[in-house]
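*Asks:* Take a look at this one; I'll ask things after.
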Amino acid sequence: MAEVASSLRAEGVVDELKKCGVTHVVWLPDTESKYMYDAIQAEPGITLVPICREGEGPAICLGLLMGGKSPVLLIQNTGFFESGDAIRGICLDMDLPLLMMIGYRGYEPSGKPMIDSAGAFTEPMLKTWGIPYHLVDDDSHTPRIGQAFAEAREKSHPVAVLIGREYQ
Amino acid sequence: MMDGLAALRLLSSRRTNEIVFTTMSTISDWSQVSTRPELDIAIIRPMGKNSSMGLGLALARPDEGVWAIDGDGSLLMNLGSLVTIGALQPKNLVLVLYRNGTYDTTGGQPVPGLGNVDFAAIGRGAGWPSAVDFHDVAAMESGLDEALHVDYPLLLTLHVAPAGRRSFPELTSTPKYIRRVQDYLSKRPVAEQPYRPGRD
């Protein structure tokens, strides 16, 4: 039997965000997200909020949540590290029910040791901070986004989805 | 330079229903002059994110006014937010820069670029349509109404004297402030008309 090539379509991810009722995507693009940008831009129900540095993101999401909106934060793992104090002080200390979609730069789907330290430190960092996370690197995984979104709401706590593949 | 409390008292006198974010030393100062403490949110930590929090709320509720009060030390930690806000142009956001040139909270050390940084120029250069500075109370008294009725977002810089270290509320207070304002907003139906200063 021929092996089916896996993929992660940006449109499928956006459809999942729409199902969750997401109103805003607060984001800073990473090297793997061009198609995601195009897909969100094409979706009139979701507003893109571009930021200059990832640390702005949790604060903007807090304001949006206060005003009754449903944001998600879309950044790369490098930006996750950069925004560390904002995630600690806002998402964790203020019990923010926020879904963070984090591009998993350096991820090795084969299970080989990660060479890129951005990848190697991502899961240990999430574990240290007690942030639950789920891997999405195939179209069949996109329902995990909705599950993570619901989990964040139920626990009133940040939850991460690690995007392990370039969007197509 | 103005007395900070005098400047904030003047600002507070022009408030109707604006949601106000304060942080660091401005928590204590604003709490002494605010007449609507139920609409105040004291952000005890992290430092430097008030402009971004204010932006998020302003985007979520364009019918409500949002004042984010930041010190210059705080804004310098998140200077890129001026560009983010300048690009998004929220028509209901005032960033009040409480400029005293020092980190009062840590003992009065000068902030980088003390006296050399023109925040209004940075704001205008980042696309803010309006940036107004007040250096003395008399000028603020006579010019504040006009300043608040300009094209938003507005960067309102108050040049105030350092005032030493002030106390903070408990760290655990912030989520309570946030829930209180969240509840208030959830009970106010979203108005069809955009925000206008002075409107109830």
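Chain labels follow the order of the structure tokens: the first chain is A, the next B, and so on; residue numbering restarts at 1 in every chain, and ligands are counted from 1 in their shown order.
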Using 7 Å as the limit and counting only C-alpha atoms, can you tabulate each residue of chain B that touches chain A, with its shortest atom-to-atom distance in Å and the two atoms involved, as a tab-separated table?

*Replies:*
```
residue	atom	partner	partner_atom	distance
B:Arg45	CA	A:Gly89	CA	6.1
B:Pro46	CA	A:Gly89	CA	5.2
B:Lys49	CA	A:Ala59	CA	6.1
B:Ser52	CA	A:Ile60	CA	5.0
B:Met53	CA	A:Ala59	CA	4.6
B:Gly54	CA	A:Gly63	CA	6.2
B:Leu55	CA	A:Ile60	CA	6.2
B:Gly56	CA	A:Gly63	CA	4.0
B:Leu57	CA	A:Gly63	CA	4.0
B:Leu59	CA	A:Leu64	CA	6.9
B:Ala60	CA	A:Gly67	CA	5.0
B:Arg61	CA	A:Gly67	CA	5.8
B:Gly80	CA	A:Cys52	CA	5.7
B:Ser81	CA	A:Cys52	CA	7.0
B:Thr84	CA	A:Ile51	CA	5.6
B:Pro175	CA	A:Met94	CA	5.3
B:Gln182	CA	A:Met66	CA	5.0
B:Leu185	CA	A:Gly67	CA	6.7
```

*Asks:* Just list the residues in segment 26-150 of chain A DSSP gives alpha helix (DSSP H) on the backbone, as a PyMOL selection string.

*Replies:* chain A and resi 34-41+56-66+77-82+84-86+117-120+122-128+143-150

*Asks:* Identify, on the basis of only C-alpha atoms, every residue whose closest approach to His149 of chain B does not exceed 12 Å; exclude the query and any residue fewer than 2 positions from it along the same chain; express the result as a list of chain:residue names.

*Replies:*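 Answer for this query is B:Arg14, B:Lys91, B:Asn92, B:Leu93, B:Val94, B:Ser130, B:Ala131, B:Val132, B:Gly143, B:Leu144, B:Asp145, B:Glu146, B:Ala147, B:Asp151, B:Tyr152, B:Pro153, B:Leu154, B:Leu156, B:Tyr195, B:Arg196, B:Pro197, B:Gly198, B:Arg199.
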
*Asks:* As a ChimeraX atom specification, which residues of segment 11-90 of chain A does DSSP assign to strand (DSSP E or B)?

*Replies:* /A:24-27,47-50,71-76

*Asks:* Determine, counting only C-alpha atoms, which protein, DNA and RNA residues have an atom within 6 Å of an atom of segment 107-114 of chain B; residues of the same chain fewer than 5 positions away are not included. Present the result as number ranges by chain.

*Replies:* B: 73, 101-102

*Asks:* One decimal, Å: what's the distance from atom CA of Ile102 of chain A over to atom CA of Glu43 of chain A, could you say?

*Replies:* 20.4 Å

*Asks:* Write out as an NGL selection string each polymer residue whose atoms come within 12 Å of Lys19 of chain A, counting only C-alpha atoms; drop sequence neighbours fewer than 2 positions from it.

*Replies:* :A and (12-17 or 21-23 or 45-46 or 70 or 142-143 or 145-147 or 149-150)

*Asks:* Please produce a file of the residues just selected, as a PDB file, in the first residue's frame, where the atoms kept are N, CA and C atoms.

*Replies:*
```pdb
ATOM      1  N   GLY A  12      -7.502  24.055   7.082  1.00  0.00           N
ATOM      2  CA  GLY A  12      -8.073  23.141   8.072  1.00  0.00           C
ATOM      3  C   GLY A  12      -7.915  23.679   9.485  1.00  0.00           C
ATOM      4  N   VAL A  13      -6.788  24.297   9.748  1.00  0.00           N
ATOM      5  CA  VAL A  13      -6.549  24.887  11.071  1.00  0.00           C
ATOM      6  C   VAL A  13      -7.497  26.064  11.291  1.00  0.00           C
ATOM      7  N   VAL A  14      -7.647  26.887  10.275  1.00  0.00           N
ATOM      8  CA  VAL A  14      -8.544  28.039  10.402  1.00  0.00           C
ATOM      9  C   VAL A  14      -9.989  27.570  10.599  1.00  0.00           C
ATOM     10  N   ASP A  15     -10.378  26.511   9.894  1.00  0.00           N
ATOM     11  CA  ASP A  15     -11.736  25.967  10.096  1.00  0.00           C
ATOM     12  C   ASP A  15     -11.935  25.561  11.554  1.00  0.00           C
ATOM     13  N   GLU A  16     -10.914  24.965  12.135  1.00  0.00           N
ATOM     14  CA  GLU A  16     -11.008  24.540  13.534  1.00  0.00           C
ATOM     15  C   GLU A  16     -11.124  25.765  14.447  1.00  0.00           C
ATOM     16  N   LEU A  17     -10.384  26.795  14.160  1.00  0.00           N
ATOM     17  CA  LEU A  17     -10.479  28.032  14.960  1.00  0.00           C
ATOM     18  C   LEU A  17     -11.875  28.631  14.846  1.00  0.00           C
ATOM     19  N   GLY A  21     -15.032  29.435  17.696  1.00  0.00           N
ATOM     20  CA  GLY A  21     -15.531  30.792  17.904  1.00  0.00           C
ATOM     21  C   GLY A  21     -14.423  31.808  18.105  1.00  0.00           C
ATOM     22  N   VAL A  22     -13.242  31.492  17.617  1.00  0.00           N
ATOM     23  CA  VAL A  22     -12.120  32.425  17.769  1.00  0.00           C
ATOM     24  C   VAL A  22     -12.406  33.707  16.981  1.00  0.00           C
ATOM     25  N   THR A  23     -12.180  34.838  17.621  1.00  0.00           N
ATOM     26  CA  THR A  23     -12.447  36.135  16.988  1.00  0.00           C
ATOM     27  C   THR A  23     -11.164  36.835  16.535  1.00  0.00           C
ATOM     28  N   GLY A  45     -14.290  36.371   9.451  1.00  0.00           N
ATOM     29  CA  GLY A  45     -14.750  36.289  10.842  1.00  0.00           C
ATOM     30  C   GLY A  45     -13.633  36.358  11.867  1.00  0.00           C
ATOM     31  N   ILE A  46     -12.401  36.328  11.406  1.00  0.00           N
ATOM     32  CA  ILE A  46     -11.272  36.345  12.339  1.00  0.00           C
ATOM     33  C   ILE A  46     -10.393  37.557  12.029  1.00  0.00           C
ATOM     34  N   SER A  70     -12.628  36.266  21.873  1.00  0.00           N
ATOM     35  CA  SER A  70     -11.990  34.950  22.008  1.00  0.00           C
ATOM     36  C   SER A  70     -10.717  34.887  21.177  1.00  0.00           C
ATOM     37  N   THR A 142      -5.972  18.176  13.631  1.00  0.00           N
ATOM     38  CA  THR A 142      -6.543  19.514  13.864  1.00  0.00           C
ATOM     39  C   THR A 142      -7.649  19.529  14.930  1.00  0.00           C
ATOM     40  N   PRO A 143      -8.413  18.448  15.129  1.00  0.00           N
ATOM     41  CA  PRO A 143      -9.389  18.496  16.233  1.00  0.00           C
ATOM     42  C   PRO A 143      -8.741  18.744  17.597  1.00  0.00           C
ATOM     43  N   ILE A 145      -6.849  21.035  18.275  1.00  0.00           N
ATOM     44  CA  ILE A 145      -6.866  22.489  18.510  1.00  0.00           C
ATOM     45  C   ILE A 145      -8.148  22.863  19.263  1.00  0.00           C
ATOM     46  N   GLY A 146      -9.259  22.330  18.791  1.00  0.00           N
ATOM     47  CA  GLY A 146     -10.527  22.598  19.476  1.00  0.00           C
ATOM     48  C   GLY A 146     -10.529  22.036  20.891  1.00  0.00           C
ATOM     49  N   GLN A 147      -9.926  20.854  21.036  1.00  0.00           N
ATOM     50  CA  GLN A 147      -9.866  20.259  22.378  1.00  0.00           C
ATOM     51  C   GLN A 147      -9.007  21.109  23.315  1.00  0.00           C
ATOM     52  N   PHE A 149      -8.456  24.304  23.016  1.00  0.00           N
ATOM     53  CA  PHE A 149      -9.190  25.549  23.263  1.00  0.00           C
ATOM     54  C   PHE A 149     -10.191  25.336  24.397  1.00  0.00           C
ATOM     55  N   ALA A 150     -10.920  24.215  24.317  1.00  0.00           N
ATOM     56  CA  ALA A 150     -11.913  23.913  25.362  1.00  0.00           C
ATOM     57  C   ALA A 150     -11.224  23.653  26.703  1.00  0.00           C
TER      58      ALA A 150
END
```

*Asks:* From the set A:Ala39, A:Ile131, A:Val161, A:Cys20, which residue has the shortest atom-to-atom contact distance to Gly103 of chain A, counting only C-alpha atoms?

*Replies:*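 Of all the options, A:Val161 lies closest to Gly103 of chain A.
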
*Asks:* Would you mind telling me which residue in B:Thr105, B:Ser142, B:Thr157, B:Thr22 lies nearest to Ile44 of chain B when using only C-alpha atoms?

*Replies:*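 Closest to Ile44 of chain B, using only C-alpha atoms: B:Thr22.
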
*Asks:* Could you check how far atom CA of Met101 of chain A sits from atom CA of Leu74 of chain A, in Å to one decimal?

*Replies:* 4.7 Å

*Asks:* Please provide the set of residues having any atom within 9 Å of Ser25 of chain B, restricted to only C-alpha atoms, with same-chain residues fewer than 2 positions apart removed, written as a VMD selection string.

*Replies:* chain B and resid 22 to 23 27 to 30 71 103 to 105 163 to 168

*Asks:* Write out the residues from the selection above, keeping N, CA, C and O atoms, as a PDB file, in the first residue's frame.

*Replies:*
```pdb
ATOM      1  N   THR B  22      -3.578  50.938  35.370  1.00  0.00           N
ATOM      2  CA  THR B  22      -2.428  51.576  36.008  1.00  0.00           C
ATOM      3  C   THR B  22      -1.369  50.509  36.287  1.00  0.00           C
ATOM      4  O   THR B  22      -1.666  49.302  36.295  1.00  0.00           O
ATOM      5  N   THR B  23      -0.151  50.960  36.509  1.00  0.00           N
ATOM      6  CA  THR B  23       0.909  50.003  36.820  1.00  0.00           C
ATOM      7  C   THR B  23       1.992  50.680  37.647  1.00  0.00           C
ATOM      8  O   THR B  23       2.134  51.910  37.609  1.00  0.00           O
ATOM      9  N   ILE B  27      -0.139  53.105  40.186  1.00  0.00           N
ATOM     10  CA  ILE B  27      -1.216  52.424  40.920  1.00  0.00           C
ATOM     11  C   ILE B  27      -1.580  53.242  42.148  1.00  0.00           C
ATOM     12  O   ILE B  27      -2.740  53.583  42.400  1.00  0.00           O
ATOM     13  N   SER B  28      -0.557  53.570  42.923  1.00  0.00           N
ATOM     14  CA  SER B  28      -0.777  54.323  44.151  1.00  0.00           C
ATOM     15  C   SER B  28      -1.290  55.724  43.850  1.00  0.00           C
ATOM     16  O   SER B  28      -2.253  56.202  44.460  1.00  0.00           O
ATOM     17  N   ASP B  29      -0.673  56.392  42.881  1.00  0.00           N
ATOM     18  CA  ASP B  29      -1.038  57.785  42.601  1.00  0.00           C
ATOM     19  C   ASP B  29      -2.467  57.890  42.068  1.00  0.00           C
ATOM     20  O   ASP B  29      -3.251  58.723  42.519  1.00  0.00           O
ATOM     21  N   TRP B  30      -2.789  57.037  41.103  1.00  0.00           N
ATOM     22  CA  TRP B  30      -4.141  57.101  40.523  1.00  0.00           C
ATOM     23  C   TRP B  30      -5.204  56.747  41.562  1.00  0.00           C
ATOM     24  O   TRP B  30      -6.293  57.334  41.581  1.00  0.00           O
ATOM     25  N   GLY B  71       4.333  54.350  33.060  1.00  0.00           N
ATOM     26  CA  GLY B  71       5.508  55.169  33.320  1.00  0.00           C
ATOM     27  C   GLY B  71       6.445  55.113  32.124  1.00  0.00           C
ATOM     28  O   GLY B  71       6.295  54.256  31.237  1.00  0.00           O
ATOM     29  N   TYR B 103      13.073  55.287  37.617  1.00  0.00           N
ATOM     30  CA  TYR B 103      12.395  54.088  38.121  1.00  0.00           C
ATOM     31  C   TYR B 103      12.107  54.341  39.603  1.00  0.00           C
ATOM     32  O   TYR B 103      12.922  54.015  40.465  1.00  0.00           O
ATOM     33  N   ASP B 104      10.966  54.942  39.888  1.00  0.00           N
ATOM     34  CA  ASP B 104      10.645  55.274  41.282  1.00  0.00           C
ATOM     35  C   ASP B 104      10.630  54.027  42.162  1.00  0.00           C
ATOM     36  O   ASP B 104      11.083  54.050  43.308  1.00  0.00           O
ATOM     37  N   THR B 105      10.110  52.951  41.600  1.00  0.00           N
ATOM     38  CA  THR B 105       9.889  51.738  42.384  1.00  0.00           C
ATOM     39  C   THR B 105      11.180  51.118  42.897  1.00  0.00           C
ATOM     40  O   THR B 105      11.202  50.474  43.935  1.00  0.00           O
ATOM     41  N   ALA B 163       8.692  60.890  42.594  1.00  0.00           N
ATOM     42  CA  ALA B 163       8.055  61.025  43.912  1.00  0.00           C
ATOM     43  C   ALA B 163       8.448  59.911  44.877  1.00  0.00           C
ATOM     44  O   ALA B 163       7.782  59.706  45.890  1.00  0.00           O
ATOM     45  N   GLY B 164       9.506  59.174  44.559  1.00  0.00           N
ATOM     46  CA  GLY B 164       9.958  58.145  45.478  1.00  0.00           C
ATOM     47  C   GLY B 164       9.127  56.887  45.410  1.00  0.00           C
ATOM     48  O   GLY B 164       8.158  56.792  44.657  1.00  0.00           O
ATOM     49  N   ARG B 165       9.518  55.947  46.204  1.00  0.00           N
ATOM     50  CA  ARG B 165       8.890  54.635  46.154  1.00  0.00           C
ATOM     51  C   ARG B 165       7.517  54.647  46.810  1.00  0.00           C
ATOM     52  O   ARG B 165       7.348  55.185  47.891  1.00  0.00           O
ATOM     53  N   ARG B 166       6.529  54.060  46.119  1.00  0.00           N
ATOM     54  CA  ARG B 166       5.176  53.928  46.663  1.00  0.00           C
ATOM     55  C   ARG B 166       4.824  52.450  46.810  1.00  0.00           C
ATOM     56  O   ARG B 166       5.421  51.596  46.162  1.00  0.00           O
ATOM     57  N   SER B 167       3.826  52.193  47.627  1.00  0.00           N
ATOM     58  CA  SER B 167       3.463  50.786  47.888  1.00  0.00           C
ATOM     59  C   SER B 167       2.505  50.266  46.820  1.00  0.00           C
ATOM     60  O   SER B 167       1.821  51.033  46.149  1.00  0.00           O
ATOM     61  N   PHE B 168       2.465  48.950  46.691  1.00  0.00           N
ATOM     62  CA  PHE B 168       1.589  48.259  45.734  1.00  0.00           C
ATOM     63  C   PHE B 168       0.519  47.488  46.478  1.00  0.00           C
ATOM     64  O   PHE B 168       0.718  47.095  47.629  1.00  0.00           O
TER      65      PHE B 168
END
```
